[in-house]
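Okay, protein.txt now, which holds compact mmCIF, C-alpha atoms:
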```txt
# COMPACT_ATOMS: atom_id res chain seq x y z
CA MET A 1 16.18 58.26 -9.73
CA THR A 2 13.47 55.61 -9.87
CA GLU A 3 11.10 55.22 -6.93
CA PRO A 4 11.34 51.65 -5.55
CA SER A 5 7.51 51.50 -5.41
CA LYS A 6 7.39 51.96 -9.20
CA THR A 7 10.05 49.41 -10.10
CA LEU A 8 7.94 46.27 -9.50
CA PRO A 9 4.92 47.50 -11.50
CA ALA A 10 7.26 48.40 -14.36
CA MET A 11 8.70 44.88 -14.32
CA LEU A 12 5.19 43.37 -14.40
CA TRP A 13 4.28 45.47 -17.43
CA MET A 14 7.43 44.21 -19.14
CA ILE A 15 6.33 40.61 -18.57
CA GLY A 16 3.20 41.45 -20.56
CA ALA A 17 5.40 42.86 -23.30
CA ILE A 18 7.48 39.66 -23.35
CA GLY A 19 4.47 37.44 -24.03
CA SER A 20 3.16 39.81 -26.69
CA PHE A 21 6.45 40.10 -28.59
CA THR A 22 6.90 36.32 -28.52
CA ALA A 23 3.41 35.74 -29.92
CA MET A 24 4.12 38.32 -32.63
CA ALA A 25 7.27 36.44 -33.70
CA VAL A 26 5.37 33.17 -34.14
CA ALA A 27 2.54 34.89 -36.02
CA GLY A 28 5.03 36.81 -38.16
CA ARG A 29 6.57 33.59 -39.41
CA ALA A 30 3.15 32.16 -40.16
CA VAL A 31 2.20 35.02 -42.50
CA SER A 32 5.64 35.60 -44.05
CA PHE A 33 5.02 32.97 -46.73
CA GLU A 34 2.12 35.01 -48.12
CA LEU A 35 2.84 38.69 -47.31
CA ASP A 36 5.96 40.83 -47.39
CA THR A 37 7.10 42.82 -44.35
CA PHE A 38 5.57 46.10 -45.53
CA GLU A 39 2.18 44.44 -45.99
CA ILE A 40 2.44 42.84 -42.56
CA MET A 41 3.18 46.22 -40.98
CA MET A 42 0.34 47.86 -42.90
CA TYR A 43 -2.31 45.36 -41.82
CA ARG A 44 -0.94 45.33 -38.28
CA SER A 45 -1.33 49.11 -38.12
CA PHE A 46 -4.90 48.95 -39.46
CA VAL A 47 -5.85 46.59 -36.63
CA GLY A 48 -4.07 48.83 -34.16
CA ILE A 49 -5.87 52.01 -35.25
CA VAL A 50 -9.28 50.38 -34.75
CA ILE A 51 -8.36 49.09 -31.30
CA VAL A 52 -6.77 52.36 -30.10
CA LEU A 53 -9.69 54.53 -31.22
CA ALA A 54 -12.30 52.09 -29.87
CA VAL A 55 -10.63 51.84 -26.45
CA ALA A 56 -9.95 55.59 -26.29
CA ARG A 57 -13.57 56.40 -27.13
CA ALA A 58 -14.96 53.86 -24.65
CA SER A 59 -12.70 55.12 -21.85
CA GLY A 60 -13.15 58.81 -22.63
CA HIS A 61 -9.50 59.39 -23.57
CA LEU A 62 -9.86 60.66 -27.13
CA HIS A 63 -8.92 64.12 -25.87
CA ASP A 64 -5.49 62.71 -24.93
CA ILE A 65 -4.58 62.67 -28.63
CA THR A 66 -2.88 66.00 -29.28
CA ARG A 67 -0.78 67.49 -32.07
CA ARG A 68 2.09 68.43 -29.77
CA HIS A 69 5.53 67.05 -30.61
CA LEU A 70 4.50 65.66 -33.99
CA GLY A 71 8.13 65.84 -35.05
CA VAL A 72 9.20 63.58 -32.18
CA HIS A 73 6.36 61.17 -32.99
CA LEU A 74 7.50 61.11 -36.60
CA ILE A 75 11.15 60.37 -35.76
CA ARG A 76 10.12 57.72 -33.25
CA ASN A 77 7.85 55.95 -35.71
CA ILE A 78 10.29 56.09 -38.61
CA ALA A 79 12.88 54.40 -36.38
CA HIS A 80 10.40 51.80 -35.18
CA PHE A 81 8.94 51.13 -38.63
CA ALA A 82 12.40 50.52 -40.06
CA GLY A 83 13.41 48.33 -37.12
CA GLN A 84 10.19 46.31 -37.17
CA ASN A 85 10.43 45.62 -40.91
CA LEU A 86 14.02 44.45 -40.51
CA TRP A 87 12.92 42.28 -37.56
CA PHE A 88 10.07 40.64 -39.51
CA PHE A 89 12.52 39.88 -42.31
CA ALA A 90 15.16 38.47 -39.94
CA ILE A 91 12.77 36.00 -38.25
CA THR A 92 12.15 34.36 -41.63
CA VAL A 93 15.80 33.73 -42.57
CA ILE A 94 17.74 33.03 -39.33
CA PRO A 95 16.90 31.12 -36.12
CA LEU A 96 14.53 32.91 -33.75
CA ALA A 97 17.00 32.67 -30.87
CA GLN A 98 19.65 34.48 -32.91
CA VAL A 99 17.18 37.21 -33.87
CA PHE A 100 16.18 37.73 -30.26
CA ALA A 101 19.77 37.65 -29.02
CA LEU A 102 20.70 40.46 -31.41
CA GLU A 103 17.48 42.30 -30.64
CA PHE A 104 18.45 42.24 -26.98
CA THR A 105 21.30 44.60 -27.79
CA SER A 106 18.70 47.38 -27.88
CA PRO A 107 19.37 48.20 -24.20
CA ILE A 108 23.06 48.51 -25.03
CA TRP A 109 22.27 51.06 -27.72
CA VAL A 110 19.93 52.80 -25.26
CA LEU A 111 22.85 53.06 -22.83
CA VAL A 112 25.08 54.52 -25.54
CA LEU A 113 22.53 56.90 -27.07
CA SER A 114 20.61 58.06 -23.96
CA PRO A 115 23.26 60.61 -22.89
CA LEU A 116 23.00 62.24 -26.33
CA LEU A 117 19.22 62.12 -26.77
CA LEU A 118 17.79 62.05 -23.23
CA GLY A 119 20.51 63.83 -21.30
CA GLU A 120 21.07 60.84 -19.02
CA ARG A 121 24.50 60.56 -17.42
CA MET A 122 26.94 57.95 -18.76
CA THR A 123 28.42 56.30 -15.66
CA GLN A 124 31.26 53.81 -15.34
CA THR A 125 28.66 51.12 -14.68
CA ARG A 126 26.94 51.83 -17.97
CA VAL A 127 30.23 51.89 -19.86
CA LEU A 128 31.11 48.44 -18.50
CA ALA A 129 27.62 47.15 -19.32
CA ALA A 130 27.98 48.43 -22.88
CA LEU A 131 31.40 46.78 -23.31
CA LEU A 132 30.03 43.43 -22.13
CA GLY A 133 27.08 43.81 -24.46
CA PHE A 134 29.22 44.54 -27.51
CA ALA A 135 31.40 41.53 -26.69
CA GLY A 136 28.22 39.46 -26.74
CA ILE A 137 27.27 40.95 -30.12
CA LEU A 138 30.57 39.80 -31.59
CA ILE A 139 30.01 36.25 -30.31
CA VAL A 140 26.40 36.07 -31.56
CA ALA A 141 27.10 37.61 -34.97
CA ARG A 142 30.64 36.19 -35.43
CA PRO A 143 31.56 38.85 -38.02
CA PHE A 144 34.84 37.12 -38.85
CA GLY A 145 33.24 33.75 -39.58
CA GLU A 146 30.82 32.49 -42.20
CA THR A 147 27.62 33.07 -40.25
CA VAL A 148 27.11 36.74 -41.10
CA GLY A 149 24.43 37.15 -43.72
CA LEU A 150 21.59 39.50 -44.57
CA GLY A 151 19.46 38.07 -41.74
CA VAL A 152 22.09 38.76 -39.08
CA VAL A 153 22.71 42.28 -40.37
CA SER A 154 18.96 42.94 -40.47
CA ALA A 155 18.49 41.77 -36.87
CA ALA A 156 21.43 43.89 -35.69
CA LEU A 157 20.11 47.01 -37.44
CA ALA A 158 16.61 46.31 -36.10
CA ALA A 159 18.03 46.53 -32.58
CA ILE A 160 19.31 50.04 -33.28
CA GLY A 161 15.93 51.05 -34.67
CA PHE A 162 14.19 49.70 -31.56
CA ALA A 163 16.66 51.52 -29.29
CA LEU A 164 15.90 54.83 -30.98
CA SER A 165 12.19 54.08 -30.67
CA ILE A 166 12.61 53.39 -26.94
CA ILE A 167 14.57 56.60 -26.39
CA PHE A 168 12.02 58.79 -28.15
CA THR A 169 9.18 56.95 -26.39
CA LYS A 170 10.81 57.87 -23.09
CA ARG A 171 11.00 61.50 -24.21
CA LEU A 172 7.32 61.49 -25.22
CA THR A 173 6.17 60.00 -21.89
CA ARG A 174 7.36 63.22 -20.20
CA SER A 175 4.44 65.15 -21.70
CA GLU A 176 2.15 62.80 -23.65
CA ARG A 177 -0.41 60.21 -22.56
CA ILE A 178 -0.11 56.59 -23.66
CA THR A 179 -3.23 56.87 -25.84
CA CYS A 180 -1.58 59.65 -27.84
CA ILE A 181 1.67 57.72 -28.29
CA LEU A 182 -0.12 54.56 -29.41
CA PHE A 183 -2.43 56.45 -31.78
CA TYR A 184 0.47 58.00 -33.67
CA LEU A 185 2.30 54.67 -33.58
CA THR A 186 -0.52 53.00 -35.49
CA ALA A 187 -1.61 55.94 -37.67
CA MET A 188 1.83 56.99 -38.89
CA GLN A 189 2.98 53.45 -39.49
CA ALA A 190 -0.20 52.67 -41.41
CA VAL A 191 0.73 55.49 -43.79
CA PHE A 192 4.31 54.23 -44.01
CA GLY A 193 2.99 50.72 -44.71
CA ILE A 194 0.65 51.85 -47.48
CA LEU A 195 3.40 53.86 -49.19
CA CYS A 196 6.03 51.10 -48.94
CA ALA A 197 3.72 48.17 -49.72
CA GLY A 198 2.03 49.96 -52.61
CA TYR A 199 5.05 51.50 -54.30
CA ASP A 200 4.85 48.81 -57.00
CA GLY A 201 1.06 49.04 -57.31
CA ASP A 202 0.54 45.54 -55.91
CA ILE A 203 -0.75 45.01 -52.36
CA ALA A 204 -1.68 41.42 -51.51
CA LEU A 205 -4.92 40.77 -49.66
CA PRO A 206 -4.77 38.34 -46.70
CA SER A 207 -6.28 34.91 -47.19
CA PRO A 208 -8.76 33.38 -44.70
CA ALA A 209 -5.88 31.33 -43.27
CA THR A 210 -3.65 34.39 -42.84
CA ALA A 211 -6.21 36.83 -41.46
CA PRO A 212 -6.29 35.41 -37.88
CA TRP A 213 -2.47 35.60 -37.70
CA LEU A 214 -2.59 39.24 -38.82
CA LEU A 215 -5.18 39.95 -36.14
CA LEU A 216 -2.87 38.36 -33.57
CA ILE A 217 0.07 40.44 -34.83
CA GLY A 218 -1.99 43.62 -34.58
CA CYS A 219 -3.29 42.87 -31.08
CA ALA A 220 0.01 41.54 -29.75
CA GLY A 221 2.00 44.41 -31.24
CA LEU A 222 -0.30 47.00 -29.73
CA LEU A 223 -0.41 45.28 -26.35
CA ALA A 224 3.38 44.97 -26.36
CA HIS A 225 3.78 48.69 -26.97
CA PHE A 226 1.15 49.55 -24.36
CA CYS A 227 3.03 47.45 -21.80
CA LEU A 228 6.40 48.85 -22.86
CA THR A 229 5.21 52.47 -22.86
CA THR A 230 3.61 52.05 -19.44
CA ALA A 231 6.79 50.51 -18.05
CA LEU A 232 8.88 53.35 -19.49
CA SER A 233 6.59 55.88 -17.82
CA LEU A 234 7.35 54.26 -14.45
CA ALA A 235 11.11 53.65 -14.67
CA PRO A 236 14.17 54.67 -16.74
CA ALA A 237 14.70 52.91 -20.07
CA THR A 238 18.02 51.54 -18.89
CA VAL A 239 16.26 49.76 -16.00
CA VAL A 240 13.07 48.57 -17.73
CA VAL A 241 14.20 47.22 -21.09
CA PRO A 242 16.71 44.51 -19.98
CA VAL A 243 13.88 42.55 -18.31
CA ASP A 244 12.92 41.53 -21.83
CA PHE A 245 15.82 39.04 -21.75
CA ILE A 246 13.43 36.43 -20.39
CA ARG A 247 12.30 36.05 -23.99
CA LEU A 248 15.55 34.37 -25.05
CA PRO A 249 15.15 30.96 -23.36
CA LEU A 250 11.44 31.06 -24.16
CA ILE A 251 11.94 31.66 -27.89
CA ALA A 252 14.87 29.23 -28.06
CA VAL A 253 12.62 26.45 -26.78
CA ILE A 254 9.85 27.46 -29.22
CA GLY A 255 12.31 27.48 -32.12
CA TRP A 256 13.64 24.05 -31.16
CA ALA A 257 10.23 22.45 -30.52
CA VAL A 258 8.18 24.01 -33.33
CA TYR A 259 10.67 24.83 -36.08
CA HIS A 260 13.37 22.23 -35.31
CA GLU A 261 16.02 24.94 -34.95
CA PRO A 262 19.24 23.80 -33.24
CA LEU A 263 20.23 25.33 -29.93
CA ASP A 264 23.37 27.26 -30.90
CA LEU A 265 25.71 27.42 -27.90
CA TRP A 266 27.55 30.43 -29.36
CA VAL A 267 24.28 32.37 -29.55
CA LEU A 268 23.48 31.45 -25.96
CA LEU A 269 26.99 32.36 -24.80
CA GLY A 270 26.83 35.74 -26.52
CA ALA A 271 23.38 36.35 -25.09
CA VAL A 272 24.69 35.56 -21.60
CA LEU A 273 27.34 38.29 -21.99
CA ILE A 274 24.72 40.73 -23.25
CA PHE A 275 22.49 39.79 -20.33
CA ALA A 276 25.39 40.11 -17.87
CA GLY A 277 26.09 43.66 -18.97
CA ASN A 278 22.46 44.68 -18.68
CA TYR A 279 21.91 42.80 -15.41
CA TYR A 280 24.92 44.55 -13.90
CA ASN A 281 23.41 47.86 -14.97
CA ILE A 282 20.01 46.92 -13.46
CA TRP A 283 21.66 45.85 -10.22
CA SER A 284 23.57 49.11 -9.98
CA GLU A 285 20.48 51.23 -10.75
CA THR A 286 18.35 49.30 -8.27
CA ARG A 287 20.97 49.59 -5.53
CA SER A 288 21.18 53.33 -6.09
CA ALA A 289 17.39 53.61 -5.91
```

Take the structure in this file and express it as structure tokens.
Amino acid sequence: MTEPSKTLPAMLWMIGAIGSFTAMAVAGRAVSFELDTFEIMMYRSFVGIVIVLAVARASGHLHDITRRHLGVHLIRNIAHFAGQNLWFFAITVIPLAQVFALEFTSPIWVLVLSPLLLGERMTQTRVLAALLGFAGILIVARPFGETVGLGVVSAALAAIGFALSIIFTKRLTRSERITCILFYLTAMQAVFGILCAGYDGDIALPSPATAPWLLLIGCAGLLAHFCLTTALSLAPATVVVPVDFIRLPLIAVIGWAVYHEPLDLWVLLGAVLIFAGNYYNIWSETRSA
């Protein structure tokens, strides 16, 4: 059960994550014309390693980095690396609002997978929230129409990867400090990025115009995960994550104003159903607390 005194701070940390993830989406599009997703993830991780080690050293938290639960770190980062690469690809081929709407199904997958991986109880409230969320997925993706393509599939699979990352992050917060989690996030994914980007022997170097966007991606990605990990240490995943829905209207406006993307009413309707399921779950959890 979540302490009421911890719920508000967790929500505030999630607001920081919202701004960071939104900035990362805009920067990701800016560099996608020059770098592939593996190269983006590699450079992002390089920036992250420098920041994590510098902050940990300055604050005296280097000793927080331990070798406990390396297997859990590995599983968590494989899931996140796969999800993040799929996400970076999706934002280049389908409207941002559609990517975010499908990404918002991560809490639904958390609801479904948490009983298996975290031992959380599956209540009737969570079952109803999941059903509403999956109905929203069908409306956003429209699998029986002509809108399903590689971008939609990539965004949907990215949501599952993010959900697994969230679940294993929650498990790690039971015994590990945030510095440790973020260090392995950046270090392991830097290795993954080097291996995947360099498999063909050709890794592109960023141009002067691209370098600032990569720096923004690295900083925003790390800040987003710091905010998310802190929020998850204060409240259950099923309560914290749905707050991220604020990103949908924000990114829809950005997509319309900056990239001239139409406001798809079906995407918004599906997202409303997904939001309704998660909001109902939040309301029930909060009332119980």

### Query
CA of Phe38 (chain A) and CA of Val191 (chain A) are how many Å apart?
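For CA of Phe38 (chain A) relative to CA of Val191 (chain A), the distance reads 10.7 Å.
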
### Message
One number please: CA of Val72 (chain A) to CA of Phe88 (chain A), in Å, one decimal.
### Response
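Calculated distance between CA of Val72 (chain A) and CA of Phe88 (chain A) is 24.1 Å.
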
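Minimum distance to Ser207 (chain A) across A:Phe168, A:Phe226, A:Phe33, A:Tyr279 (counting only C-alpha atoms) occurs at A:Phe33.
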
Listed atoms of region 149-156 of chain A boxed axis-aligned with 8 Å per side, centre + edges as AutoDock Vina command-line options:
```
--center_x 21.5 --center_y 40.5 --center_z -40.1 --size_x 21.9 --size_y 22.7 --size_z 24.9
```

### Message
Which residue is closest to Ile15 (chain A)? Choose from A:Phe245, A:Trp283, A:Phe183, A:Trp256 and count all atoms listed in the file.
### Response
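Nearest to Ile15 (chain A): A:Phe245.
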
### Query
What does the distance between CA of Ile94 (chain A) and CA of Asn278 (chain A) come to in Å, to one decimal place?
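Straight-line distance from CA of Ile94 (chain A) to CA of Asn278 (chain A) works out to 24.2 Å.
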
### Query
Which residues come within 12 Å of Glu103 (chain A), counting all atoms listed in the file, excluding same-chain residues fewer than 5 positions away, as a ChimeraX atom specification?
/A:21,83-84,86-88,90-91,96-98,108-109,133,136-137,140-141,152-163,241-242,244-245,247-248,271,274-275

Generate the output file for the selected residues, C-alpha atoms, as an mmCIF file, in the coordinates of the input.
```cif
data_model
loop_
_atom_site.group_PDB
_atom_site.id
_atom_site.type_symbol
_atom_site.label_atom_id
_atom_site.label_comp_id
_atom_site.auth_asym_id
_atom_site.auth_seq_id
_atom_site.Cartn_x
_atom_site.Cartn_y
_atom_site.Cartn_z
ATOM 1 C CA PHE A 21 6.450 40.100 -28.590
ATOM 2 C CA GLY A 83 13.410 48.330 -37.120
ATOM 3 C CA GLN A 84 10.190 46.310 -37.170
ATOM 4 C CA LEU A 86 14.020 44.450 -40.510
ATOM 5 C CA TRP A 87 12.920 42.280 -37.560
ATOM 6 C CA PHE A 88 10.070 40.640 -39.510
ATOM 7 C CA ALA A 90 15.160 38.470 -39.940
ATOM 8 C CA ILE A 91 12.770 36.000 -38.250
ATOM 9 C CA LEU A 96 14.530 32.910 -33.750
ATOM 10 C CA ALA A 97 17.000 32.670 -30.870
ATOM 11 C CA GLN A 98 19.650 34.480 -32.910
ATOM 12 C CA ILE A 108 23.060 48.510 -25.030
ATOM 13 C CA TRP A 109 22.270 51.060 -27.720
ATOM 14 C CA GLY A 133 27.080 43.810 -24.460
ATOM 15 C CA GLY A 136 28.220 39.460 -26.740
ATOM 16 C CA ILE A 137 27.270 40.950 -30.120
ATOM 17 C CA VAL A 140 26.400 36.070 -31.560
ATOM 18 C CA ALA A 141 27.100 37.610 -34.970
ATOM 19 C CA VAL A 152 22.090 38.760 -39.080
ATOM 20 C CA VAL A 153 22.710 42.280 -40.370
ATOM 21 C CA SER A 154 18.960 42.940 -40.470
ATOM 22 C CA ALA A 155 18.490 41.770 -36.870
ATOM 23 C CA ALA A 156 21.430 43.890 -35.690
ATOM 24 C CA LEU A 157 20.110 47.010 -37.440
ATOM 25 C CA ALA A 158 16.610 46.310 -36.100
ATOM 26 C CA ALA A 159 18.030 46.530 -32.580
ATOM 27 C CA ILE A 160 19.310 50.040 -33.280
ATOM 28 C CA GLY A 161 15.930 51.050 -34.670
ATOM 29 C CA PHE A 162 14.190 49.700 -31.560
ATOM 30 C CA ALA A 163 16.660 51.520 -29.290
ATOM 31 C CA VAL A 241 14.200 47.220 -21.090
ATOM 32 C CA PRO A 242 16.710 44.510 -19.980
ATOM 33 C CA ASP A 244 12.920 41.530 -21.830
ATOM 34 C CA PHE A 245 15.820 39.040 -21.750
ATOM 35 C CA ARG A 247 12.300 36.050 -23.990
ATOM 36 C CA LEU A 248 15.550 34.370 -25.050
ATOM 37 C CA ALA A 271 23.380 36.350 -25.090
ATOM 38 C CA ILE A 274 24.720 40.730 -23.250
ATOM 39 C CA PHE A 275 22.490 39.790 -20.330
#
```

### Query
Of the residues A:Thr179, A:Leu172, A:Pro262, A:Pro95, which is the one nearest to Leu222 (chain A), using all atoms listed in the file?
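Closest residue, counting all atoms listed in the file: A:Thr179.
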
### Task
Would you please work out which residue, of A:Gly149, A:Gly221, A:Gly201, A:Gly19, is nearest to Leu182 (chain A) when using all atoms listed in the file?
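So, comparing all the options, the nearest one is A:Gly221.
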
#### Entry: Nearest residue to Ala204 (chain A) from the set A:His69, A:Val26, A:Thr37, A:Ser20 (distances using all atoms listed in the file)
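Of A:His69, A:Val26, A:Thr37, A:Ser20, the one nearest Ala204 (chain A) is A:Thr37, counting all atoms listed in the file.
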
### Query
Using all atoms listed in the file, which residue out of A:Leu132, A:Ile282, A:Val50, A:His73 lies closest to Val243 (chain A)?
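When distances to Val243 (chain A) are compared using all atoms listed in the file, the smallest one comes from A:Ile282.
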
All residues 12 Å or closer to Asp202 (chain A), only C-alpha atoms, same chain fewer than 5 positions away omitted, as a compact mmCIF listing (two decimals) with C-alpha atoms, in the frame of the given file:
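Listing of part24.txt after writing:
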```txt
# COMPACT_ATOMS: atom_id res chain seq x y z
CA LEU A 35 2.84 38.69 -47.31
CA ASP A 36 5.96 40.83 -47.39
CA PHE A 38 5.57 46.10 -45.53
CA GLU A 39 2.18 44.44 -45.99
CA ILE A 194 0.65 51.85 -47.48
CA LEU A 195 3.40 53.86 -49.19
CA CYS A 196 6.03 51.10 -48.94
CA ALA A 197 3.72 48.17 -49.72
```
